[in-house]
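Q: Below is a structure I'd like to ask you about.
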Amino acid sequence: MNLNYQFMIEDIPVVLSALPVTLALTFVSLFFALVVAVLFGACILKRIPLLRQLVVALNTFIKGVPLIVQLLFCYYALPYVLQMFDGFFGYEYNPRNPSYFGFAVVALAMNYGAYLTDVVVSSYRAVDRGQLEAAYSIGMSGLQAHVRIVIPQAVAISFPNLANYFMWLLKATSLASVVNVFELLATARASTAVNYAILEGYLVAAGIYWVVCILAERGLNLLSRRMNRYQKEPRAV
């Protein structure tokens, strides 16, 4: 098997030019996924009648449908939703200029938000309830106790899982190419159209994904150690 190494070297900066789109898609989707997870988690933890059952059913449905199906659903369904709001508060819907990036963000955020909901709920429940009682005993309000005691511990507990989902989300952005988002994979595929060096283009994309994931993993591990630097390690018996 003879690879076109010259093309691969020349293709690296071309594919790298799409890295900002991949990173932006990852971070924006993660932000909204966390928003969805916090809202869903609050509904589950507060045991709000009917709303809790609705959130659980929606959460189960989202996790049971493949991500690529959700991407395609947003790609074809969201334009109809946006068209319904045409004319409201000065909003003008332009069907000739759809927001492919926005469609991908909605699908990724809802999909990973469903999984992160379980992380939010389990991390909150993992915090010792006795600490809340101690906070109330010294005159803290419910909001103060949660902001100063519960939430920081829940974030530290959930961080390893959040880091894993960040890595999975970073790689899952490659599926956004099916809805015309020109991230790393779509750019690599387009770059091979001239000389049909398809394998070489995918190898370049794979190499870039690999390097980015290694750097992200090291950064997340460093952040995790800093967050848990005051946590006492269990003593050996």
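So you can find residues: chains in the structure tokens are A, B, ... in the order shown, residues in each start at 1, and ligands are numbered from 1 in order.
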Residues of segment 10-108 of chain A classed as helix (DSSP H, G or I) by DSSP on the backbone are to be reported as a VMD selection string.

A: chain A and resid 10 to 16 19 to 45 51 to 64 67 to 84 88 to 90 100 to 108

Q: With only C-alpha atoms as the counted atoms, please give the residues lying no more than 9 Å from segment 54-60 of chain A, apart from itself and same-chain residues fewer than 4 positions off, as an MDAnalysis selection string.

A: chainID A and resid 40:41 43:44 50 64:65 110:111 113:115 117

Q: Those residues you just picked out, can you put them in a file as a compact mmCIF listing (two decimals), in the first residue's frame with N, CA, C and O atoms?

A:
# COMPACT_ATOMS: atom_id res chain seq x y z
N PHE A 40 -32.97 19.42 34.18
CA PHE A 40 -33.56 18.08 34.30
C PHE A 40 -33.29 17.50 35.69
O PHE A 40 -34.17 16.91 36.31
N GLY A 41 -32.05 17.66 36.16
CA GLY A 41 -31.69 17.13 37.47
C GLY A 41 -32.48 17.76 38.59
O GLY A 41 -32.89 17.08 39.53
N CYS A 43 -35.50 18.99 38.38
CA CYS A 43 -36.87 18.45 38.32
C CYS A 43 -36.94 17.07 38.95
O CYS A 43 -37.92 16.73 39.63
N ILE A 44 -35.89 16.26 38.75
CA ILE A 44 -35.89 14.92 39.32
C ILE A 44 -35.65 14.96 40.83
O ILE A 44 -36.33 14.28 41.60
N LEU A 50 -45.68 15.18 38.06
CA LEU A 50 -45.91 15.21 36.63
C LEU A 50 -44.68 15.68 35.86
O LEU A 50 -44.27 15.05 34.89
N GLY A 64 -32.26 6.70 24.31
CA GLY A 64 -32.57 5.51 23.55
C GLY A 64 -32.54 5.69 22.05
O GLY A 64 -32.69 4.71 21.30
N VAL A 65 -32.35 6.93 21.58
CA VAL A 65 -32.31 7.22 20.14
C VAL A 65 -30.88 7.55 19.75
O VAL A 65 -30.22 8.36 20.41
N MET A 110 -28.83 18.29 23.73
CA MET A 110 -29.91 17.48 24.27
C MET A 110 -29.45 16.05 24.54
O MET A 110 -29.79 15.45 25.57
N ASN A 111 -28.66 15.50 23.63
CA ASN A 111 -28.19 14.13 23.79
C ASN A 111 -27.29 13.99 25.01
O ASN A 111 -27.51 13.13 25.87
N GLY A 113 -26.89 16.23 27.35
CA GLY A 113 -27.59 16.71 28.53
C GLY A 113 -28.36 15.61 29.22
O GLY A 113 -28.45 15.58 30.46
N ALA A 114 -28.92 14.69 28.44
CA ALA A 114 -29.65 13.56 29.02
C ALA A 114 -28.71 12.67 29.84
O ALA A 114 -29.06 12.23 30.94
N TYR A 115 -27.52 12.42 29.32
CA TYR A 115 -26.57 11.59 30.06
C TYR A 115 -26.00 12.34 31.27
O TYR A 115 -25.80 11.74 32.33
N THR A 117 -27.50 14.45 33.02
CA THR A 117 -28.53 14.53 34.06
C THR A 117 -28.28 13.47 35.13
O THR A 117 -28.40 13.75 36.34

Q: Which one of A:Cys74, A:Val127, A:Leu162, A:Ala176 sits closest to Leu25 of chain A if you count only C-alpha atoms?

A: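 Nearest to Leu25 of chain A: A:Ala176.
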
Q: Using only C-alpha atoms, what table do you get, as a Markdown table, when you list each residue of segment 62-159 of chain A with an atom no more than 12 Å from segment 219-226 of chain A, its nearest pair of atoms, and their distance in Å rounded to one decimal, rows by chain then rising number?

A:
| residue | atom | partner | partner_atom | distance |
| --- | --- | --- | --- | --- |
| A:Val155 | CA | A:Ser224 | CA | 10.6 |
| A:Ala156 | CA | A:Ser224 | CA | 8.0 |
| A:Ile157 | CA | A:Ser224 | CA | 10.0 |
| A:Ser158 | CA | A:Ser224 | CA | 10.3 |
| A:Phe159 | CA | A:Ser224 | CA | 7.0 |

Q: Mind dumping the selected residues with N, CA and C atoms as a compact mmCIF listing (two decimals), in the first residue's frame?

A:
# COMPACT_ATOMS: atom_id res chain seq x y z
N VAL A 155 -19.64 19.28 42.36
CA VAL A 155 -18.83 19.52 41.16
C VAL A 155 -17.56 18.69 41.20
N ALA A 156 -16.89 18.66 42.37
CA ALA A 156 -15.67 17.86 42.50
C ALA A 156 -15.96 16.37 42.30
N ILE A 157 -17.09 15.91 42.84
CA ILE A 157 -17.45 14.50 42.69
C ILE A 157 -17.75 14.15 41.23
N SER A 158 -18.43 15.08 40.54
CA SER A 158 -18.87 14.81 39.17
C SER A 158 -17.79 15.04 38.13
N PHE A 159 -16.68 15.68 38.50
CA PHE A 159 -15.71 16.11 37.49
C PHE A 159 -15.13 14.96 36.67

Q: In terms of the shortest atom-to-atom distance over only C-alpha atoms, which of A:Ala33, A:Pro98, A:Arg129, A:Ala109 is closest to Gln70 of chain A?

A: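 Closest residue, counting only C-alpha atoms: A:Ala109.
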
Q: With only C-alpha atoms as the counted atoms, please give the residues lying no more than 10 Å from Phe166 of chain A, apart from itself and same-chain residues fewer than 2 positions off, as a PyMOL selection string.

A: chain A and resi 26-27+29-30+112+160-164+168-172+213+216-217+220

Q: With a distance cut-off of 12 Å and only C-alpha atoms, select the neighbouring residues of segment 77-79 of chain A, excluding the residue or stretch itself and same-chain residues fewer than 2 positions from it, and output the selection as a compact mmCIF listing (two decimals) with N, CA, C and O atoms, in the first residue's frame.

A:
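For reference, part.txt as written:
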# COMPACT_ATOMS: atom_id res chain seq x y z
N VAL A 69 -29.45 10.03 14.51
CA VAL A 69 -30.87 10.23 14.23
C VAL A 69 -31.34 11.57 14.80
O VAL A 69 -32.12 12.29 14.16
N GLN A 70 -30.86 11.92 15.97
CA GLN A 70 -31.22 13.19 16.58
C GLN A 70 -30.66 14.37 15.77
O GLN A 70 -31.31 15.41 15.64
N LEU A 71 -29.47 14.21 15.24
CA LEU A 71 -28.89 15.25 14.39
C LEU A 71 -29.74 15.47 13.14
O LEU A 71 -30.03 16.61 12.76
N LEU A 72 -30.12 14.38 12.50
CA LEU A 72 -30.94 14.49 11.30
C LEU A 72 -32.33 15.04 11.62
O LEU A 72 -32.90 15.81 10.83
N PHE A 73 -32.87 14.66 12.78
CA PHE A 73 -34.17 15.18 13.18
C PHE A 73 -34.11 16.70 13.36
O PHE A 73 -34.99 17.43 12.88
N CYS A 74 -33.09 17.18 14.05
CA CYS A 74 -32.93 18.64 14.23
C CYS A 74 -32.70 19.33 12.90
O CYS A 74 -33.20 20.45 12.68
N TYR A 75 -31.97 18.68 12.01
CA TYR A 75 -31.66 19.26 10.71
C TYR A 75 -32.94 19.48 9.89
O TYR A 75 -33.08 20.51 9.19
N VAL A 81 -39.85 24.71 12.98
CA VAL A 81 -40.08 25.40 14.24
C VAL A 81 -39.69 26.87 14.12
O VAL A 81 -40.42 27.78 14.56
N LEU A 82 -38.53 27.13 13.51
CA LEU A 82 -38.08 28.51 13.33
C LEU A 82 -39.02 29.30 12.43
O LEU A 82 -39.24 30.49 12.63
N GLN A 83 -39.57 28.63 11.44
CA GLN A 83 -40.49 29.29 10.52
C GLN A 83 -41.77 29.73 11.24
O GLN A 83 -42.38 30.74 10.87
N MET A 84 -42.16 29.00 12.29
CA MET A 84 -43.35 29.36 13.05
C MET A 84 -43.16 30.68 13.79
O MET A 84 -44.14 31.39 14.06
N PHE A 85 -41.91 31.01 14.12
CA PHE A 85 -41.63 32.25 14.86
C PHE A 85 -41.26 33.40 13.95
O PHE A 85 -40.82 34.45 14.42
N ASP A 86 -41.42 33.20 12.65
CA ASP A 86 -41.11 34.27 11.69
C ASP A 86 -42.04 35.46 11.92
O ASP A 86 -43.27 35.34 11.90
N TYR A 93 -37.06 34.74 9.52
CA TYR A 93 -36.50 33.43 9.18
C TYR A 93 -36.07 33.42 7.72
O TYR A 93 -36.86 33.75 6.83
N ASN A 94 -34.83 33.03 7.49
CA ASN A 94 -34.30 32.97 6.13
C ASN A 94 -34.02 31.51 5.79
O ASN A 94 -33.00 30.94 6.22
N PRO A 95 -34.89 30.85 5.03
CA PRO A 95 -34.69 29.43 4.73
C PRO A 95 -33.47 29.16 3.85
O PRO A 95 -33.00 28.03 3.77
N ARG A 96 -32.94 30.20 3.19
CA ARG A 96 -31.78 30.02 2.34
C ARG A 96 -30.47 30.05 3.13
O ARG A 96 -29.41 29.73 2.58
N ASN A 97 -30.53 30.45 4.40
CA ASN A 97 -29.32 30.52 5.21
C ASN A 97 -29.55 29.84 6.57
O ASN A 97 -29.56 30.50 7.61
N PRO A 98 -29.77 28.55 6.57
CA PRO A 98 -30.04 27.84 7.83
C PRO A 98 -28.79 27.76 8.70
O PRO A 98 -27.66 27.76 8.20
N SER A 99 -28.99 27.70 9.99
CA SER A 99 -27.88 27.61 10.94
C SER A 99 -27.55 26.15 11.20
O SER A 99 -28.05 25.54 12.15
N TYR A 100 -26.71 25.57 10.35
CA TYR A 100 -26.33 24.18 10.53
C TYR A 100 -25.60 23.98 11.86
O TYR A 100 -25.79 22.97 12.53
N GLY A 102 -26.05 25.67 14.60
CA GLY A 102 -27.05 25.71 15.66
C GLY A 102 -27.84 24.41 15.75
O GLY A 102 -28.14 23.93 16.85
N PHE A 103 -28.18 23.81 14.61
CA PHE A 103 -28.89 22.53 14.61
C PHE A 103 -28.05 21.45 15.30
O PHE A 103 -28.57 20.65 16.09
N ALA A 104 -26.76 21.44 14.99
CA ALA A 104 -25.87 20.45 15.61
C ALA A 104 -25.75 20.67 17.11
O ALA A 104 -25.73 19.72 17.89
N VAL A 105 -25.69 21.93 17.52
CA VAL A 105 -25.59 22.24 18.95
C VAL A 105 -26.82 21.74 19.70
O VAL A 105 -26.71 21.16 20.78
N VAL A 106 -28.00 21.96 19.13
CA VAL A 106 -29.25 21.51 19.78
C VAL A 106 -29.23 20.00 19.97
O VAL A 106 -29.53 19.48 21.06
N ALA A 107 -28.87 19.26 18.92
CA ALA A 107 -28.87 17.80 19.01
C ALA A 107 -27.83 17.30 20.00
O ALA A 107 -28.11 16.43 20.83

Q: Atom CA of Asn195 of chain A and atom CA of Leu23 of chain A are how many Å apart?

A: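 Separation of atom CA of Asn195 of chain A and atom CA of Leu23 of chain A: 28.1 Å.
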
Q: Near Gln153 of chain A, within 12 Å and counting only C-alpha atoms, which residues show up once chain neighbours fewer than 2 positions away are dropped, as a ChimeraX atom specification?

A: /A:120,123-129,131-132,145-151,155-159,227-228,230-231
